[in-house]
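Printed here is start24.cif (mmCIF, C-alpha atoms and all ligand atoms):
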```cif
data_start
loop_
_atom_site.label_atom_id
_atom_site.label_comp_id
_atom_site.auth_asym_id
_atom_site.auth_seq_id
_atom_site.Cartn_x
_atom_site.Cartn_y
_atom_site.Cartn_z
CA MET A 941 6.32 -141.83 -10.66
CA SER A 942 3.73 -141.79 -13.47
CA GLU A 943 0.25 -140.42 -12.97
CA ARG A 944 -2.15 -142.93 -11.42
CA TYR A 945 -5.85 -143.70 -11.89
CA PHE A 946 -7.81 -145.76 -9.37
CA VAL A 947 -10.07 -148.04 -11.43
CA THR A 948 -12.58 -150.27 -9.66
CA GLY A 949 -13.94 -153.39 -11.38
CA ALA A 950 -11.12 -153.30 -13.91
CA LEU A 951 -10.86 -157.08 -14.14
CA GLY A 952 -14.19 -156.79 -15.97
CA CYS A 953 -14.78 -156.02 -19.60
CA ILE A 954 -14.89 -152.21 -19.81
CA GLY A 955 -12.29 -151.86 -17.07
CA ALA A 956 -9.80 -154.08 -18.88
CA TRP A 957 -10.04 -151.83 -21.93
CA ILE A 958 -9.63 -148.75 -19.72
CA ALA A 959 -6.49 -150.28 -18.17
CA ARG A 960 -5.19 -150.96 -21.69
CA LEU A 961 -5.82 -147.35 -22.75
CA LEU A 962 -4.17 -145.93 -19.63
CA LEU A 963 -1.10 -148.12 -20.17
CA GLU A 964 -0.88 -146.93 -23.79
CA ARG A 965 -0.76 -143.40 -22.44
CA GLY A 966 1.99 -144.22 -20.01
CA VAL A 967 -0.09 -143.82 -16.86
CA THR A 968 -0.55 -146.41 -14.13
CA PRO A 969 -3.91 -148.08 -13.53
CA VAL A 970 -4.43 -149.15 -9.93
CA VAL A 971 -7.01 -151.90 -10.29
CA PHE A 972 -9.37 -152.54 -7.37
CA ASP A 973 -11.47 -155.66 -7.90
CA GLN A 974 -12.76 -158.49 -5.77
CA GLY A 975 -11.83 -161.04 -8.39
CA SER A 976 -8.46 -162.57 -9.21
CA ASP A 977 -9.20 -163.69 -12.78
CA ARG A 978 -7.01 -161.55 -15.02
CA SER A 979 -8.00 -163.28 -18.23
CA ARG A 980 -9.92 -160.33 -19.73
CA LEU A 981 -6.79 -158.23 -19.33
CA GLU A 982 -4.55 -161.00 -20.65
CA ALA A 983 -6.77 -161.30 -23.73
CA ILE A 984 -6.17 -157.71 -24.82
CA LEU A 985 -2.77 -156.75 -23.39
CA ALA A 986 0.72 -157.44 -24.66
CA PRO A 987 2.29 -160.13 -22.38
CA ASP A 988 4.74 -157.69 -20.78
CA ALA A 989 2.12 -154.99 -20.08
CA MET A 990 0.54 -156.72 -17.08
CA GLY A 991 3.53 -155.87 -14.87
CA ALA A 992 2.78 -152.15 -15.15
CA ILE A 993 -0.62 -152.54 -13.48
CA GLU A 994 -1.03 -152.39 -9.70
CA PHE A 995 -3.62 -154.81 -8.39
CA VAL A 996 -5.57 -154.53 -5.15
CA GLU A 997 -7.92 -157.39 -4.33
CA GLY A 998 -10.86 -156.05 -2.35
CA ASP A 999 -14.60 -155.81 -1.94
CA ILE A 1000 -16.25 -152.54 -2.90
CA THR A 1001 -18.83 -153.01 -0.13
CA ASP A 1002 -16.05 -152.71 2.48
CA SER A 1003 -15.80 -148.95 3.03
CA ALA A 1004 -12.59 -149.04 5.11
CA MET A 1005 -10.86 -151.19 2.51
CA VAL A 1006 -11.92 -148.90 -0.35
CA GLN A 1007 -10.64 -145.84 1.51
CA ARG A 1008 -7.33 -147.52 2.41
CA ALA A 1009 -6.79 -148.67 -1.16
CA LEU A 1010 -7.62 -145.28 -2.67
CA ALA A 1011 -5.33 -143.52 -0.19
CA ALA A 1012 -2.46 -145.93 -0.90
CA SER A 1013 -2.92 -145.54 -4.67
CA GLY A 1014 -2.16 -141.82 -4.57
CA ALA A 1015 -4.61 -141.42 -7.47
CA ARG A 1016 -6.32 -138.10 -8.16
CA ARG A 1017 -8.85 -139.55 -10.61
CA VAL A 1018 -11.22 -142.40 -9.93
CA ILE A 1019 -13.04 -144.53 -12.49
CA HIS A 1020 -15.64 -146.70 -10.78
CA LEU A 1021 -16.97 -149.71 -12.66
CA ALA A 1022 -17.29 -152.45 -10.02
CA GLY A 1023 -20.83 -153.70 -10.08
CA VAL A 1024 -23.16 -156.60 -10.72
CA GLN A 1025 -25.41 -156.80 -13.76
CA VAL A 1026 -29.15 -157.11 -14.34
CA PRO A 1027 -29.50 -160.90 -13.81
CA THR A 1028 -27.67 -160.78 -10.46
CA CYS A 1029 -29.72 -157.79 -9.26
CA ARG A 1030 -32.91 -159.59 -10.30
CA ALA A 1031 -31.94 -162.81 -8.51
CA ASN A 1032 -30.61 -161.07 -5.39
CA PRO A 1033 -31.71 -157.42 -5.08
CA THR A 1034 -30.10 -157.04 -1.65
CA LEU A 1035 -26.71 -158.08 -2.97
CA GLY A 1036 -27.31 -155.86 -6.02
CA ALA A 1037 -27.97 -152.85 -3.80
CA MET A 1038 -24.97 -153.59 -1.58
CA VAL A 1039 -22.55 -153.76 -4.48
CA ASN A 1040 -24.08 -151.23 -6.89
CA VAL A 1041 -25.41 -148.61 -4.46
CA VAL A 1042 -23.48 -148.99 -1.18
CA GLY A 1043 -20.31 -149.82 -3.10
CA THR A 1044 -20.70 -146.61 -5.11
CA LEU A 1045 -21.32 -144.60 -1.94
CA ASN A 1046 -18.12 -146.09 -0.52
CA VAL A 1047 -16.19 -144.87 -3.57
CA PHE A 1048 -17.67 -141.35 -3.34
CA GLU A 1049 -17.09 -141.18 0.40
CA ALA A 1050 -13.45 -142.23 0.05
CA ALA A 1051 -13.04 -139.71 -2.81
CA ARG A 1052 -14.53 -136.97 -0.63
CA VAL A 1053 -12.35 -137.75 2.39
CA LEU A 1054 -9.20 -137.91 0.27
CA GLY A 1055 -10.08 -134.87 -1.84
CA VAL A 1056 -9.73 -136.54 -5.25
CA GLU A 1057 -10.31 -134.43 -8.33
CA ARG A 1058 -13.15 -136.31 -9.99
CA VAL A 1059 -15.08 -139.61 -9.95
CA VAL A 1060 -16.28 -141.07 -13.24
CA TYR A 1061 -18.69 -143.93 -12.62
CA ALA A 1062 -20.61 -146.43 -14.73
CA SER A 1063 -24.26 -145.57 -14.72
CA SER A 1064 -26.29 -147.29 -17.43
CA ALA A 1065 -28.91 -146.73 -20.10
CA ALA A 1066 -31.01 -148.99 -17.86
CA VAL A 1067 -31.88 -145.85 -15.86
CA ILE A 1068 -34.07 -144.94 -18.84
CA GLY A 1069 -37.25 -146.91 -19.34
CA LEU A 1070 -39.37 -146.87 -22.46
CA GLY A 1071 -41.25 -143.55 -22.59
CA ASP A 1072 -43.49 -141.85 -25.10
CA ASP A 1073 -40.65 -140.05 -26.89
CA GLY A 1074 -41.60 -141.50 -30.28
CA ASN A 1075 -38.83 -143.04 -32.35
CA GLY A 1076 -36.16 -140.36 -32.05
CA PRO A 1077 -33.01 -140.64 -29.94
CA VAL A 1078 -33.67 -140.13 -26.22
CA SER A 1079 -31.67 -137.52 -24.32
CA GLU A 1080 -30.77 -137.54 -20.62
CA ARG A 1081 -34.10 -135.88 -19.89
CA GLY A 1082 -36.28 -138.24 -21.94
CA GLY A 1083 -37.60 -141.77 -21.60
CA GLY A 1084 -39.62 -143.40 -18.86
CA GLU A 1085 -38.93 -145.07 -15.53
CA PRO A 1086 -36.43 -147.96 -15.17
CA THR A 1087 -37.95 -151.42 -15.28
CA THR A 1088 -35.28 -153.30 -13.30
CA HIS A 1089 -33.75 -153.11 -9.82
CA TYR A 1090 -30.43 -152.62 -11.63
CA GLY A 1091 -31.80 -149.53 -13.40
CA TRP A 1092 -33.10 -148.06 -10.12
CA PHE A 1093 -29.78 -148.75 -8.39
CA LYS A 1094 -27.92 -146.94 -11.15
CA ARG A 1095 -30.38 -144.04 -11.01
CA THR A 1096 -29.91 -143.82 -7.25
CA ASN A 1097 -26.16 -143.52 -7.86
CA GLU A 1098 -26.78 -140.57 -10.17
CA GLY A 1099 -28.78 -138.89 -7.40
CA ASN A 1100 -26.14 -139.58 -4.78
CA ALA A 1101 -23.42 -138.22 -7.08
CA ARG A 1102 -25.42 -135.00 -7.40
CA VAL A 1103 -25.69 -134.69 -3.63
CA TYR A 1104 -21.91 -135.18 -3.26
CA TYR A 1105 -21.41 -132.22 -5.59
CA LEU A 1106 -24.01 -130.06 -3.85
CA ASP A 1107 -22.83 -130.87 -0.33
CA CYS A 1108 -19.07 -131.22 -0.80
CA GLY A 1109 -18.17 -129.95 -4.28
CA LEU A 1110 -17.00 -133.41 -5.40
CA SER A 1111 -17.20 -133.47 -9.21
CA SER A 1112 -18.38 -136.54 -11.08
CA VAL A 1113 -19.56 -137.94 -14.38
CA GLY A 1114 -21.97 -140.85 -14.72
CA LEU A 1115 -21.85 -142.51 -18.14
CA ARG A 1116 -24.81 -144.43 -19.54
CA PRO A 1117 -23.89 -147.01 -22.17
CA LEU A 1118 -26.44 -149.56 -23.35
CA ALA A 1119 -25.08 -152.70 -25.07
CA VAL A 1120 -21.28 -152.68 -24.97
CA TYR A 1121 -19.65 -155.29 -27.24
CA GLY A 1122 -16.11 -156.47 -27.83
CA VAL A 1123 -13.59 -158.99 -26.50
CA GLY A 1124 -14.07 -159.49 -22.75
CA ARG A 1125 -17.82 -158.89 -22.77
CA ASP A 1126 -19.23 -162.06 -21.23
CA THR A 1127 -21.52 -161.08 -18.34
CA GLY A 1128 -25.14 -159.87 -18.46
CA VAL A 1129 -27.85 -160.31 -21.11
CA THR A 1130 -26.44 -157.68 -23.48
CA SER A 1131 -23.19 -159.64 -23.63
CA ASP A 1132 -25.00 -162.14 -25.90
CA PRO A 1133 -24.04 -160.50 -29.22
CA THR A 1134 -20.34 -160.69 -28.23
CA GLU A 1135 -20.82 -164.24 -26.99
CA ALA A 1136 -22.39 -165.07 -30.35
CA ILE A 1137 -19.25 -163.84 -32.15
CA ARG A 1138 -16.99 -165.86 -29.85
CA HIS A 1139 -19.07 -169.01 -30.32
CA ALA A 1140 -19.14 -168.54 -34.10
CA VAL A 1141 -15.34 -168.18 -34.17
CA LEU A 1142 -15.17 -171.49 -32.29
CA GLY A 1143 -17.71 -173.05 -34.69
CA ARG A 1144 -20.33 -173.48 -31.97
CA PRO A 1145 -24.05 -172.53 -32.03
CA PHE A 1146 -25.32 -169.71 -29.81
CA GLY A 1147 -28.74 -168.19 -29.10
CA ILE A 1148 -28.98 -164.43 -28.45
CA ARG A 1149 -31.70 -163.99 -25.81
CA PHE A 1150 -33.14 -160.72 -27.07
CA SER A 1151 -34.32 -159.35 -30.39
CA GLY A 1152 -35.26 -155.99 -31.89
CA GLU A 1153 -33.18 -152.88 -32.02
CA THR A 1154 -30.61 -151.65 -29.49
CA ASP A 1155 -27.71 -149.21 -29.08
CA PHE A 1156 -24.38 -151.01 -29.59
CA VAL A 1157 -21.23 -149.35 -28.20
CA TYR A 1158 -17.79 -150.69 -29.11
CA VAL A 1159 -15.86 -151.39 -25.90
CA ALA A 1160 -12.75 -149.41 -26.91
CA ASP A 1161 -14.96 -146.34 -27.44
CA ALA A 1162 -16.57 -146.84 -24.03
CA ALA A 1163 -13.08 -146.97 -22.48
CA GLU A 1164 -12.10 -143.74 -24.27
CA ALA A 1165 -15.25 -142.05 -22.97
CA PHE A 1166 -14.49 -142.95 -19.34
CA VAL A 1167 -10.89 -141.75 -19.57
CA ALA A 1168 -11.81 -138.57 -21.46
CA CYS A 1169 -14.35 -137.69 -18.76
CA ALA A 1170 -11.83 -138.45 -16.02
CA ASP A 1171 -9.33 -136.14 -17.72
CA ARG A 1172 -11.39 -133.32 -19.16
CA ALA A 1173 -14.94 -133.05 -17.79
CA PRO A 1174 -15.78 -129.68 -16.29
CA ASP A 1175 -16.66 -129.41 -12.61
CA GLY A 1176 -20.18 -130.44 -11.65
CA ALA A 1177 -22.23 -133.62 -11.30
CA HIS A 1178 -22.78 -134.67 -14.91
CA VAL A 1179 -24.72 -137.59 -16.33
CA PHE A 1180 -24.22 -138.42 -20.01
CA ASN A 1181 -25.76 -140.95 -22.38
CA LEU A 1182 -23.21 -142.84 -24.46
CA HIS A 1183 -24.37 -143.64 -27.98
CA GLY A 1184 -22.73 -146.09 -30.33
CA GLU A 1185 -24.75 -147.28 -33.31
CA THR A 1186 -28.41 -148.26 -33.23
CA ALA A 1187 -29.14 -151.49 -35.09
CA GLN A 1188 -31.38 -154.55 -35.13
CA VAL A 1189 -29.85 -157.61 -33.49
CA THR A 1190 -30.42 -159.42 -36.81
CA ASP A 1191 -28.38 -156.73 -38.59
CA PHE A 1192 -25.60 -157.24 -36.00
CA VAL A 1193 -25.65 -160.94 -36.90
CA GLY A 1194 -25.58 -160.03 -40.61
CA LEU A 1195 -22.41 -157.98 -40.06
CA VAL A 1196 -20.84 -160.86 -38.11
CA ASP A 1197 -21.63 -163.10 -41.08
CA GLU A 1198 -19.94 -160.63 -43.45
CA ALA A 1199 -16.78 -160.72 -41.30
CA LEU A 1200 -16.97 -164.46 -40.65
CA PRO A 1201 -18.83 -166.20 -43.48
CA GLY A 1202 -21.19 -168.92 -42.23
CA ALA A 1203 -21.59 -167.36 -38.76
CA ARG A 1204 -25.25 -166.61 -39.45
CA ASP A 1205 -26.04 -170.35 -39.51
CA LEU A 1206 -24.70 -170.74 -35.97
CA ILE A 1207 -26.49 -167.77 -34.35
CA ASP A 1208 -30.12 -167.73 -33.29
CA VAL A 1209 -31.99 -164.56 -32.26
CA GLY A 1210 -35.01 -164.82 -29.94
CA GLY A 1211 -36.75 -163.28 -26.96
CA ALA A 1212 -38.22 -159.84 -26.34
CA PRO A 1213 -36.38 -156.61 -27.12
CA ILE A 1214 -34.42 -154.97 -24.27
CA PRO A 1215 -36.92 -152.56 -22.54
CA ILE A 1216 -34.66 -149.51 -22.93
CA PRO A 1217 -34.90 -146.91 -25.73
CA SER A 1218 -32.77 -148.21 -28.59
CA ALA A 1219 -31.31 -144.89 -29.69
CA LEU A 1220 -29.56 -142.68 -27.15
CA ASP A 1221 -28.82 -139.03 -27.83
CA ASP A 1222 -25.31 -138.36 -26.52
CA SER A 1223 -24.91 -134.85 -27.90
CA ALA A 1224 -24.41 -133.52 -24.34
CA LEU A 1225 -21.32 -135.72 -23.93
CA ARG A 1226 -19.99 -134.83 -27.41
CA ARG A 1227 -20.47 -131.12 -26.67
CA THR A 1228 -19.03 -131.14 -23.14
CA VAL A 1229 -16.16 -133.60 -23.58
CA PRO A 1230 -15.32 -133.55 -27.31
CA GLY A 1231 -13.10 -136.12 -28.99
CA VAL A 1232 -14.60 -139.44 -27.83
CA PRO A 1233 -14.37 -141.81 -30.83
CA SER A 1234 -17.41 -143.55 -32.27
CA THR A 1235 -16.45 -146.72 -34.12
CA PRO A 1236 -18.99 -147.77 -36.78
CA LEU A 1237 -20.69 -151.07 -35.91
CA ARG A 1238 -19.26 -152.84 -38.96
CA ALA A 1239 -15.70 -151.86 -38.02
CA GLY A 1240 -16.18 -152.82 -34.34
CA ILE A 1241 -17.47 -156.25 -35.35
CA VAL A 1242 -14.63 -156.80 -37.82
CA GLU A 1243 -12.15 -155.92 -35.06
CA THR A 1244 -13.87 -158.19 -32.53
CA VAL A 1245 -13.88 -161.13 -34.95
CA ARG A 1246 -10.20 -160.50 -35.72
CA ARG A 1247 -9.30 -160.48 -32.02
CA PHE A 1248 -11.26 -163.65 -31.24
CA VAL A 1249 -9.70 -165.45 -34.24
CA GLU A 1250 -6.25 -164.39 -33.03
CA LEU A 1251 -7.00 -165.70 -29.52
CA LYS A 1252 -8.18 -168.99 -30.98
CA GLU A 1253 -5.00 -169.28 -33.04
CA ARG A 1254 -2.96 -168.60 -29.89
CA GLY A 1255 -4.65 -171.66 -28.34
CA TRP A 1256 -6.60 -169.53 -25.86
CA TRP A 1257 -9.41 -172.08 -25.56
CA ALA A 1258 -7.32 -175.21 -26.11
CA ASP A 1259 -7.97 -176.43 -22.56
CA PRO A 1260 -11.75 -176.30 -22.07
CA THR A 1261 -11.38 -176.68 -18.29
CA SER A 1262 -9.22 -173.56 -17.95
CA ARG A 1263 -10.66 -170.34 -16.57
CA ARG A 1264 -10.34 -168.92 -20.06
CA ALA A 1265 -13.05 -171.25 -21.32
CA GLY A 1266 -15.66 -168.64 -20.50
CA LEU A 1267 -13.98 -165.65 -22.15
N1 LIG A 1301 -21.20 -153.80 -20.37
C1 LIG A 1301 -22.25 -153.03 -20.63
O1 LIG A 1301 -22.89 -153.11 -21.70
C2 LIG A 1301 -22.68 -152.00 -19.61
C3 LIG A 1301 -23.74 -151.14 -19.94
C4 LIG A 1301 -24.12 -150.19 -18.99
C5 LIG A 1301 -23.47 -150.11 -17.78
N2 LIG A 1301 -22.46 -150.97 -17.49
C6 LIG A 1301 -21.80 -150.88 -16.18
O2 LIG A 1301 -20.42 -150.72 -16.40
C7 LIG A 1301 -19.68 -151.36 -15.37
C8 LIG A 1301 -18.67 -152.33 -15.98
O3 LIG A 1301 -19.36 -153.21 -16.85
P1 LIG A 1301 -18.61 -154.51 -17.41
O4 LIG A 1301 -19.39 -155.00 -18.57
O5 LIG A 1301 -17.18 -154.25 -17.54
O6 LIG A 1301 -18.89 -155.49 -16.17
P2 LIG A 1301 -18.20 -156.87 -15.75
O7 LIG A 1301 -19.26 -157.69 -15.14
O8 LIG A 1301 -17.41 -157.44 -16.90
O9 LIG A 1301 -17.14 -156.40 -14.63
C9 LIG A 1301 -17.53 -155.99 -13.37
C10 LIG A 1301 -16.34 -156.14 -12.44
O10 LIG A 1301 -16.76 -155.71 -11.14
C11 LIG A 1301 -16.16 -156.59 -10.20
N3 LIG A 1301 -16.95 -156.62 -8.97
C12 LIG A 1301 -18.20 -157.12 -8.80
N4 LIG A 1301 -18.56 -157.05 -7.51
C13 LIG A 1301 -17.52 -156.47 -6.85
C14 LIG A 1301 -17.28 -156.15 -5.50
N5 LIG A 1301 -18.20 -156.42 -4.56
N6 LIG A 1301 -16.12 -155.58 -5.16
C15 LIG A 1301 -15.16 -155.33 -6.10
N7 LIG A 1301 -15.31 -155.64 -7.41
C16 LIG A 1301 -16.49 -156.20 -7.78
C17 LIG A 1301 -16.14 -157.95 -10.88
O11 LIG A 1301 -15.18 -158.82 -10.28
C18 LIG A 1301 -15.83 -157.57 -12.32
O12 LIG A 1301 -14.43 -157.64 -12.57
C19 LIG A 1301 -20.70 -152.03 -14.46
O13 LIG A 1301 -20.95 -151.19 -13.37
C20 LIG A 1301 -21.93 -152.14 -15.34
O14 LIG A 1301 -23.10 -152.15 -14.57
C21 LIG A 1301 -22.05 -151.92 -18.39
#
```
Could the structure of this file be written out as structure tokens, please?
Amino acid sequence: MSERYFVTGALGCIGAWIARLLLERGVTPVVFDQGSDRSRLEAILAPDAMGAIEFVEGDITDSAMVQRALAASGARRVIHLAGVQVPTCRANPTLGAMVNVVGTLNVFEAARVLGVERVVYASSAAVIGLGDDGNGPVSERGGGEPTTHYGWFKRTNEGNARVYYLDCGLSSVGLRPLAVYGVGRDTGVTSDPTEAIRHAVLGRPFGIRFSGETDFVYVADAAEAFVACADRAPDGAHVFNLHGETAQVTDFVGLVDEALPGARDLIDVGGAPIPIPSALDDSALRRTVPGVPSTPLRAGIVETVRRFVELKERGWWADPTSRRAGL
């Protein structure tokens, strides 16, 4: 039996790319997700690859179910991504806390009881508010206080992970990406740049709801970072920023236009900048877990355009009422 990784929330964007990477390495992803929509996986996997994934449909807020599923998976490494994004936490903070905080506690508790090797979980750059660090990249110790419930929930998870190491010796890594982009990214405000590419490929207008500069991480790199930490992080309760490339949203649109001439005319940029430092210093991650790739923004955009064009040519969006309409 091949090695197995328990991956929560892997019907989502980052998780789908993690499942893809694990399959490429010949290991089995056991996907725990409350959803049943496999379209993000279908969009990036070869048609015959889906059969090698084990799916468990379940709610991360149900502690008994999480523990049962983790035990049945036989996995020694856990990658925890299940969560709801900023708009959901803003609209319903109680639900946000249940899924993002209690759900994460459920994962750690199950990992503790079952003695797994390590939990790698999605924190977020939203734990860092704007501080008085000047214009330089902000490390894990810099920045100000979070400005959203979502950011506080993610920060709480970092604290709880630390306590699990102190009390029980359960090792973990929390990764803090900012704006992940790539095929499958369709939820949350920072999904807008990816949504803009998809709309442009389909010849439709799209308005990106934020402006200014931010830290763009290509989704395949984010997936590599999660798996590398699951495989190679030293013991301890680590929290690492994940840096991609810092750029203005208008420059992002310019690169989309280079890859897809005319796209600029379809994409509008408006709204306030994201209230998170736009340049993250991830030297701690690079030092501690070397070898995580960092795709230049231009190359990541070219690849994303290529993939969306290929999906369009495959007739992915031919039926606008299908569940794929939103991907
Ligand atoms: N995408 C980014 O730019 C970004 C940046 C920082 C942090 N993160 C964090 O990374 C993680 C993954 O992000 P993503 O963009 O892939 O998110 P996503 O929204 O695409 O996927 C989240 C997945 O979690 C699942 N989920 C939600 N509630 C659940 C529940 N109660 N039980 C079980 N599954 C549940 C959803 O069905 C979905 O498949 C999230 O925790 C997110 O907060 C993402």
Determine the axis-aligned bounding box of all atoms of ligand LIG 1301 (chain A) present in the file, pad each side by 6 Å, and express its centre and edge lengths in Å to one decimal place as AutoDock Vina command-line options.
```
--center_x -19.3 --center_y -154.5 --center_z -13.1 --size_x 21.7 --size_y 20.7 --size_z 29.1
```
With 7 Å as the cut-off and all atoms listed in the file counted, what is the closest atom pair between each nearby residue of chain A and ligand LIG 1301 (chain A)? Distances in Å to one decimal, ordered by chain and number, as a Markdown table.
```
| residue | atom | partner | partner_atom | distance |
| --- | --- | --- | --- | --- |
| A:Thr948 | CA | A:LIG1301 | N7 | 6.4 |
| A:Gly949 | CA | A:LIG1301 | O10 | 3.7 |
| A:Ala950 | CA | A:LIG1301 | O12 | 5.6 |
| A:Leu951 | CA | A:LIG1301 | O12 | 3.9 |
| A:Gly952 | CA | A:LIG1301 | O9 | 3.3 |
| A:Cys953 | CA | A:LIG1301 | O5 | 3.6 |
| A:Ile954 | CA | A:LIG1301 | O5 | 3.8 |
| A:Gly955 | CA | A:LIG1301 | O5 | 5.5 |
| A:Phe972 | CA | A:LIG1301 | C15 | 6.6 |
| A:Asp973 | CA | A:LIG1301 | N7 | 3.9 |
| A:Gln974 | CA | A:LIG1301 | C15 | 4.0 |
| A:Gly975 | CA | A:LIG1301 | O11 | 4.4 |
| A:Gly998 | CA | A:LIG1301 | C15 | 5.8 |
| A:Asp999 | CA | A:LIG1301 | N6 | 3.6 |
| A:Ile1000 | CA | A:LIG1301 | N6 | 3.8 |
| A:Thr1001 | CA | A:LIG1301 | N5 | 5.6 |
| A:Leu1021 | CA | A:LIG1301 | C7 | 4.2 |
| A:Ala1022 | CA | A:LIG1301 | O10 | 3.5 |
| A:Gly1023 | CA | A:LIG1301 | O13 | 4.1 |
| A:Val1024 | CA | A:LIG1301 | C12 | 5.3 |
| A:Gln1025 | CA | A:LIG1301 | O14 | 5.3 |
| A:Val1039 | CA | A:LIG1301 | N5 | 5.1 |
| A:Ala1062 | CA | A:LIG1301 | O2 | 4.6 |
| A:Ser1063 | CA | A:LIG1301 | C5 | 5.5 |
| A:Ser1064 | CA | A:LIG1301 | C4 | 3.9 |
| A:Ala1065 | CA | A:LIG1301 | C4 | 6.0 |
| A:Arg1116 | CA | A:LIG1301 | C4 | 5.8 |
| A:Pro1117 | CA | A:LIG1301 | C4 | 4.5 |
| A:Leu1118 | CA | A:LIG1301 | C3 | 4.6 |
| A:Ala1119 | CA | A:LIG1301 | O1 | 4.0 |
| A:Val1120 | CA | A:LIG1301 | O1 | 3.7 |
| A:Tyr1121 | CA | A:LIG1301 | O1 | 6.8 |
| A:Arg1125 | CA | A:LIG1301 | O4 | 5.9 |
| A:Asp1126 | CA | A:LIG1301 | O8 | 6.6 |
| A:Thr1127 | CA | A:LIG1301 | O7 | 5.2 |
| A:Thr1130 | CA | A:LIG1301 | O1 | 6.1 |
| A:Ser1131 | CA | A:LIG1301 | O1 | 6.8 |
```
>> So the first atom is atom CA of A:Gly991 and the second is atom CA of A:Arg1247; what is the distance between them in Å, to one decimal place?
In response: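 Atom CA of A:Arg1247 lies at a distance of 21.9 Å from atom CA of A:Gly991.
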> Which neighbours of A:Glu1250 fall inside 12 Å, counting only C-alpha atoms, when residues of the same chain fewer than 2 positions from it are skipped, and could you give them as an MDAnalysis selection string?
Replying inline: chainID A and resid 983:984 1123 1138 1141:1142 1243:1248 1252:1257
> If you count only C-alpha atoms, which residues fall within 8 Å of stretch 1103-1110 of chain A, apart from same-chain ones fewer than 2 positions away, as a PyMOL selection string?
Replying inline: chain A and resi 1048+1051-1052+1055-1059+1099-1101+1112+1176-1177
Give me, as JSON lines, the closest atom pair and its distance (Å, one decimal) for every residue of stretch 1075-1190 of chain A within a cut-off of 12 Å of stretch 1235-1242 of chain A, counting all atoms listed in the file, rows sorted by chain and rising number.
```
{"residue": "A:Ala1119", "atom": "CA", "partner": "A:Leu1237", "partner_atom": "CA", "distance": 11.8}
{"residue": "A:Val1120", "atom": "CA", "partner": "A:Gly1240", "partner_atom": "CA", "distance": 10.7}
{"residue": "A:Tyr1121", "atom": "CA", "partner": "A:Gly1240", "partner_atom": "CA", "distance": 8.3}
{"residue": "A:Gly1122", "atom": "CA", "partner": "A:Gly1240", "partner_atom": "CA", "distance": 7.5}
{"residue": "A:Val1123", "atom": "CA", "partner": "A:Ile1241", "partner_atom": "CA", "distance": 10.0}
{"residue": "A:Pro1133", "atom": "CA", "partner": "A:Ile1241", "partner_atom": "CA", "distance": 9.9}
{"residue": "A:Thr1134", "atom": "CA", "partner": "A:Ile1241", "partner_atom": "CA", "distance": 8.9}
{"residue": "A:Ala1136", "atom": "CA", "partner": "A:Ile1241", "partner_atom": "CA", "distance": 11.3}
{"residue": "A:Ile1137", "atom": "CA", "partner": "A:Ile1241", "partner_atom": "CA", "distance": 8.4}
{"residue": "A:Arg1138", "atom": "CA", "partner": "A:Ile1241", "partner_atom": "CA", "distance": 11.1}
{"residue": "A:Val1141", "atom": "CA", "partner": "A:Val1242", "partner_atom": "CA", "distance": 12.0}
{"residue": "A:Thr1154", "atom": "CA", "partner": "A:Leu1237", "partner_atom": "CA", "distance": 11.8}
{"residue": "A:Asp1155", "atom": "CA", "partner": "A:Leu1237", "partner_atom": "CA", "distance": 10.0}
{"residue": "A:Phe1156", "atom": "CA", "partner": "A:Leu1237", "partner_atom": "CA", "distance": 7.3}
{"residue": "A:Val1157", "atom": "CA", "partner": "A:Leu1237", "partner_atom": "CA", "distance": 7.9}
{"residue": "A:Tyr1158", "atom": "CA", "partner": "A:Gly1240", "partner_atom": "CA", "distance": 5.9}
{"residue": "A:Val1159", "atom": "CA", "partner": "A:Gly1240", "partner_atom": "CA", "distance": 8.6}
{"residue": "A:Ala1160", "atom": "CA", "partner": "A:Thr1235", "partner_atom": "CA", "distance": 8.5}
{"residue": "A:Asp1161", "atom": "CA", "partner": "A:Thr1235", "partner_atom": "CA", "distance": 6.9}
{"residue": "A:Ala1162", "atom": "CA", "partner": "A:Thr1235", "partner_atom": "CA", "distance": 10.1}
{"residue": "A:Glu1164", "atom": "CA", "partner": "A:Thr1235", "partner_atom": "CA", "distance": 11.2}
{"residue": "A:His1183", "atom": "CA", "partner": "A:Thr1235", "partner_atom": "CA", "distance": 10.5}
{"residue": "A:Gly1184", "atom": "CA", "partner": "A:Thr1235", "partner_atom": "CA", "distance": 7.4}
{"residue": "A:Glu1185", "atom": "CA", "partner": "A:Leu1237", "partner_atom": "CA", "distance": 6.1}
{"residue": "A:Thr1186", "atom": "CA", "partner": "A:Leu1237", "partner_atom": "CA", "distance": 8.6}
{"residue": "A:Ala1187", "atom": "CA", "partner": "A:Leu1237", "partner_atom": "CA", "distance": 8.5}
{"residue": "A:Gln1188", "atom": "CA", "partner": "A:Leu1237", "partner_atom": "CA", "distance": 11.3}
{"residue": "A:Val1189", "atom": "CA", "partner": "A:Leu1237", "partner_atom": "CA", "distance": 11.5}
```
> What is the distance between atom CA of A:Gly1210 and atom CA of A:Val1193, in Å to one decimal?
Replying inline: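 For atom CA of A:Gly1210 relative to atom CA of A:Val1193, the distance reads 12.3 Å.
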>> I need the residue nearest A:Val1113 from this list: A:Ala1066, A:Ala1170, A:Val1129, A:Leu1054. Use only C-alpha atoms for the distance.
In response: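 Between A:Ala1066, A:Ala1170, A:Val1129, A:Leu1054, the residue approaching A:Val1113 most closely is A:Ala1170.
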> Using all atoms listed in the file, which of A:Arg1017, A:Arg1095, A:Arg1172, A:Arg1226 sits nearest A:Ala1037?
Replying inline: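 Closest to A:Ala1037, using all atoms listed in the file: A:Arg1095.
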